[in-house]
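**Student:** My questions all concern the structure below.
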Amino acid sequence: LAAPLAVDALVDVVADLVVGHVVVAIQIHVCEDRREFLELGVLAGFVFPREALERLFDLFESFVRNFYAKRLAGQGWTYFGRRYFDWQWGTDDAAAKELLPRMETDITLEHPDRKIIMDTKFYGSGGISRGKYHSNNMYQLHSYVTQCAMKANAALASGDVPSHPHDIDCEGMLLYATVDDNDFHHKFTMPPHHMSVATVNLACDWQEIEARLM
């Protein structure tokens, strides 16, 4: 086997190769405390360095981002990356305003007729714990879509044009990687937004993974 691939280059290389239909062999184990780790992976002759254990989330996120960039390009979709926006909390206190963190989406997909804000997660539980979705992830996605809509409404109120025609009714999706039978795609409405929580089973054949993501 070749020497370990540099960690800094690992994520993008893996994502590009996976989308290019290269077979990936990854053994994923779930610890007793439910923290996932990558024990050993061999990808097209590369050995995953142990430091890659800390990059599993980035790996999955980059894979999904590159998948959509390659599959949706040419179908009217024009953007497949991160988006940044500020909290729409008004204040006259400049010091307080500086303390507000900037929001950063994992993946934002944009089409003239749709905008989807996607948050990717890798949990052995498939996003469900004690019979419920992970609440922190739902709060995060809820904040993304509502703050995006508030920014658009504020622009319209001031006579400006929102950055995207569907900022006001953008869609939100939580996508969990899983390797077990915990498989679902649940859809909800939170007018004017459509929300969904879904899994993609990375233990399936590539054709099944591709069909699930599309």
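Ordering of the structure tokens sets the chain letters (A, B, ...); residue numbers start at 1 within each chain; ligands are numbered from 1 in the order shown.
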Show me, as an MDAnalysis selection string, the residues that have an atom within 10 Å of Tyr68 of chain A when counting only C-alpha atoms, minus same-chain residues fewer than 6 positions from it.

**Tutor:** chainID A and resid 19 77 79:81 107 109 213:214

**Student:** Could you give me, as a PyMOL selection string, the residues within 10 Å of His142 of chain A, counting only C-alpha atoms and dropping anything in the same chain fewer than 6 positions from it?

**Tutor:** chain A and resi 136+148+172-173+190+193+195

**Student:** Atoms to include: C-alpha atoms. Write the selected residues as a tab-separated table (two decimals), in the first residue's frame.

**Tutor:**
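Below is the file that was written, again.tsv:
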chain	number	residue	atom	x	y	z
A	136	ASN	CA	-29.58	20.34	18.53
A	148	CYS	CA	-32.35	33.37	5.78
A	172	GLY	CA	-34.08	22.74	4.89
A	173	MET	CA	-32.67	19.22	5.05
A	190	MET	CA	-43.10	24.70	8.33
A	193	HIS	CA	-40.58	26.20	4.31
A	195	MET	CA	-38.15	20.55	5.82

**Student:** Looking only at the backbone, which of the residues in segment 98-213 of chain A does DSSP tag as helix (DSSP H, G or I), as an mmCIF file with N, CA and C atoms, in the first residue's frame?

**Tutor:**
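File out-v9.cif, as written:
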data_model
loop_
_atom_site.group_PDB
_atom_site.id
_atom_site.type_symbol
_atom_site.label_atom_id
_atom_site.label_comp_id
_atom_site.auth_asym_id
_atom_site.auth_seq_id
_atom_site.Cartn_x
_atom_site.Cartn_y
_atom_site.Cartn_z
ATOM 1 N N GLU A 98 -21.144 42.718 17.689
ATOM 2 C CA GLU A 98 -19.895 42.057 17.326
ATOM 3 C C GLU A 98 -19.792 40.659 17.929
ATOM 4 N N SER A 135 -32.136 16.938 18.838
ATOM 5 C CA SER A 135 -32.753 18.262 18.864
ATOM 6 C C SER A 135 -31.792 19.377 18.465
ATOM 7 N N ASN A 136 -30.531 19.272 18.858
ATOM 8 C CA ASN A 136 -29.581 20.344 18.532
ATOM 9 C C ASN A 136 -29.447 20.551 17.035
ATOM 10 N N ASN A 137 -29.475 19.460 16.294
ATOM 11 C CA ASN A 137 -29.373 19.574 14.839
ATOM 12 C C ASN A 137 -30.613 20.229 14.239
ATOM 13 N N MET A 138 -31.766 19.935 14.817
ATOM 14 C CA MET A 138 -33.006 20.556 14.343
ATOM 15 C C MET A 138 -33.014 22.048 14.643
ATOM 16 N N TYR A 139 -32.557 22.424 15.837
ATOM 17 C CA TYR A 139 -32.474 23.844 16.176
ATOM 18 C C TYR A 139 -31.560 24.577 15.194
ATOM 19 N N GLN A 140 -30.447 23.934 14.843
ATOM 20 C CA GLN A 140 -29.489 24.553 13.939
ATOM 21 C C GLN A 140 -30.106 24.793 12.565
ATOM 22 N N LEU A 141 -30.733 23.762 12.003
ATOM 23 C CA LEU A 141 -31.333 23.909 10.678
ATOM 24 C C LEU A 141 -32.491 24.900 10.704
ATOM 25 N N HIS A 142 -33.285 24.858 11.770
ATOM 26 C CA HIS A 142 -34.389 25.806 11.920
ATOM 27 C C HIS A 142 -33.861 27.239 11.911
ATOM 28 N N SER A 143 -32.754 27.478 12.592
ATOM 29 C CA SER A 143 -32.162 28.817 12.614
ATOM 30 C C SER A 143 -31.710 29.239 11.222
ATOM 31 N N TYR A 144 -31.114 28.323 10.480
ATOM 32 C CA TYR A 144 -30.640 28.655 9.134
ATOM 33 C C TYR A 144 -31.777 29.161 8.248
ATOM 34 N N VAL A 145 -32.850 28.377 8.158
ATOM 35 C CA VAL A 145 -33.911 28.745 7.215
ATOM 36 C C VAL A 145 -34.680 29.972 7.684
ATOM 37 N N THR A 146 -34.915 30.094 8.991
ATOM 38 C CA THR A 146 -35.676 31.248 9.461
ATOM 39 C C THR A 146 -34.871 32.544 9.357
ATOM 40 N N GLN A 147 -33.587 32.490 9.664
ATOM 41 C CA GLN A 147 -32.763 33.685 9.557
ATOM 42 C C GLN A 147 -32.557 34.080 8.093
ATOM 43 N N CYS A 148 -32.455 33.094 7.219
ATOM 44 C CA CYS A 148 -32.354 33.370 5.784
ATOM 45 C C CYS A 148 -33.610 34.087 5.293
ATOM 46 N N ALA A 149 -34.771 33.608 5.732
ATOM 47 C CA ALA A 149 -36.031 34.229 5.344
ATOM 48 C C ALA A 149 -36.168 35.632 5.927
ATOM 49 N N MET A 150 -35.738 35.813 7.172
ATOM 50 C CA MET A 150 -35.821 37.126 7.804
ATOM 51 C C MET A 150 -34.947 38.147 7.065
ATOM 52 N N LYS A 151 -33.768 37.708 6.632
ATOM 53 C CA LYS A 151 -32.883 38.600 5.882
ATOM 54 C C LYS A 151 -33.536 39.010 4.568
ATOM 55 N N ALA A 152 -34.196 38.065 3.898
ATOM 56 C CA ALA A 152 -34.874 38.364 2.638
ATOM 57 C C ALA A 152 -36.036 39.323 2.850
ATOM 58 N N ASN A 153 -36.806 39.097 3.899
ATOM 59 C CA ASN A 153 -37.932 39.982 4.189
ATOM 60 C C ASN A 153 -37.456 41.391 4.535
ATOM 61 N N ALA A 154 -36.341 41.481 5.248
ATOM 62 C CA ALA A 154 -35.789 42.789 5.586
ATOM 63 C C ALA A 154 -35.334 43.523 4.324
ATOM 64 N N ALA A 155 -34.760 42.780 3.383
ATOM 65 C CA ALA A 155 -34.338 43.391 2.119
ATOM 66 C C ALA A 155 -35.545 43.926 1.352
ATOM 67 N N LEU A 156 -36.603 43.148 1.293
ATOM 68 C CA LEU A 156 -37.808 43.583 0.589
ATOM 69 C C LEU A 156 -38.428 44.806 1.264
ATOM 70 N N ALA A 157 -38.426 44.809 2.581
ATOM 71 C CA ALA A 157 -39.011 45.930 3.326
ATOM 72 C C ALA A 157 -38.265 47.232 3.078
ATOM 73 N N TRP A 206 -22.997 1.389 -4.514
ATOM 74 C CA TRP A 206 -22.956 2.764 -4.998
ATOM 75 C C TRP A 206 -24.251 3.179 -5.680
ATOM 76 N N GLN A 207 -24.858 2.265 -6.480
ATOM 77 C CA GLN A 207 -26.075 2.629 -7.206
ATOM 78 C C GLN A 207 -27.200 3.009 -6.240
ATOM 79 N N GLU A 208 -27.271 2.299 -5.112
ATOM 80 C CA GLU A 208 -28.301 2.618 -4.121
ATOM 81 C C GLU A 208 -28.021 3.961 -3.443
ATOM 82 N N ILE A 209 -26.748 4.231 -3.153
ATOM 83 C CA ILE A 209 -26.388 5.513 -2.547
ATOM 84 C C ILE A 209 -26.738 6.646 -3.491
ATOM 85 N N GLU A 210 -26.397 6.486 -4.758
ATOM 86 C CA GLU A 210 -26.667 7.517 -5.754
ATOM 87 C C GLU A 210 -28.168 7.778 -5.878
ATOM 88 N N ALA A 211 -28.950 6.696 -5.941
ATOM 89 C CA ALA A 211 -30.400 6.836 -6.080
ATOM 90 C C ALA A 211 -30.991 7.518 -4.856
ATOM 91 N N ARG A 212 -30.445 7.217 -3.686
ATOM 92 C CA ARG A 212 -30.971 7.823 -2.456
ATOM 93 C C ARG A 212 -30.721 9.323 -2.432
ATOM 94 N N LEU A 213 -29.519 9.736 -2.815
ATOM 95 C CA LEU A 213 -29.194 11.154 -2.776
ATOM 96 C C LEU A 213 -29.949 11.950 -3.835
#

**Student:** Can you tell me how far atom CA of His134 of chain A sits from atom CA of Phe122 of chain A, in Å to one decimal?

**Tutor:**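 Result for atom CA of His134 of chain A versus atom CA of Phe122 of chain A: 11.8 Å, one decimal.
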
**Student:** One number please: atom CA of His164 of chain A to atom CA of Phe85 of chain A, in Å, one decimal.

**Tutor:**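 Separating atom CA of His164 of chain A from atom CA of Phe85 of chain A is a distance of 12.8 Å.
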
**Student:** For atom CA of Phe184 of chain A and atom CA of Met118 of chain A, quote the distance in Å rounded to one decimal.

**Tutor:**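 Atom-to-atom, atom CA of Phe184 of chain A to atom CA of Met118 of chain A, that is 16.2 Å.
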
**Student:** Between A:Gly159, A:Gly126, A:Asn201, A:Glu171, which has the minimum distance to Phe188 of chain A (counting only C-alpha atoms)?

**Tutor:** A:Glu171

**Student:** Pick out the residues sitting within 8 Å of Trp87 of chain A, and hand them over as a PyMOL selection string; count only C-alpha atoms, and ignore anything fewer than 6 positions along from it in its own chain.

**Tutor:** chain A and resi 100-103+147

**Student:** Any chance you could export the current selection's N, CA, C and O atoms as a short mmCIF file (atom, residue, chain, number, x, y, z; two decimals), in the first residue's frame?

**Tutor:**
data_model
loop_
_atom_site.label_atom_id
_atom_site.label_comp_id
_atom_site.auth_asym_id
_atom_site.auth_seq_id
_atom_site.Cartn_x
_atom_site.Cartn_y
_atom_site.Cartn_z
N LEU A 100 -22.22 38.47 18.00
CA LEU A 100 -23.08 37.52 17.28
C LEU A 100 -22.23 36.73 16.28
O LEU A 100 -21.53 37.31 15.46
N PRO A 101 -22.28 35.40 16.34
CA PRO A 101 -21.49 34.60 15.41
C PRO A 101 -22.09 34.63 14.01
O PRO A 101 -23.28 34.87 13.83
N ARG A 102 -21.25 34.36 13.03
CA ARG A 102 -21.72 34.27 11.65
C ARG A 102 -22.24 32.87 11.40
O ARG A 102 -21.65 31.89 11.84
N MET A 103 -23.36 32.77 10.72
CA MET A 103 -23.90 31.46 10.37
C MET A 103 -23.19 30.93 9.12
O MET A 103 -22.90 31.68 8.19
N GLN A 147 -33.59 32.49 9.66
CA GLN A 147 -32.76 33.69 9.56
C GLN A 147 -32.56 34.08 8.09
O GLN A 147 -32.50 35.26 7.76
#
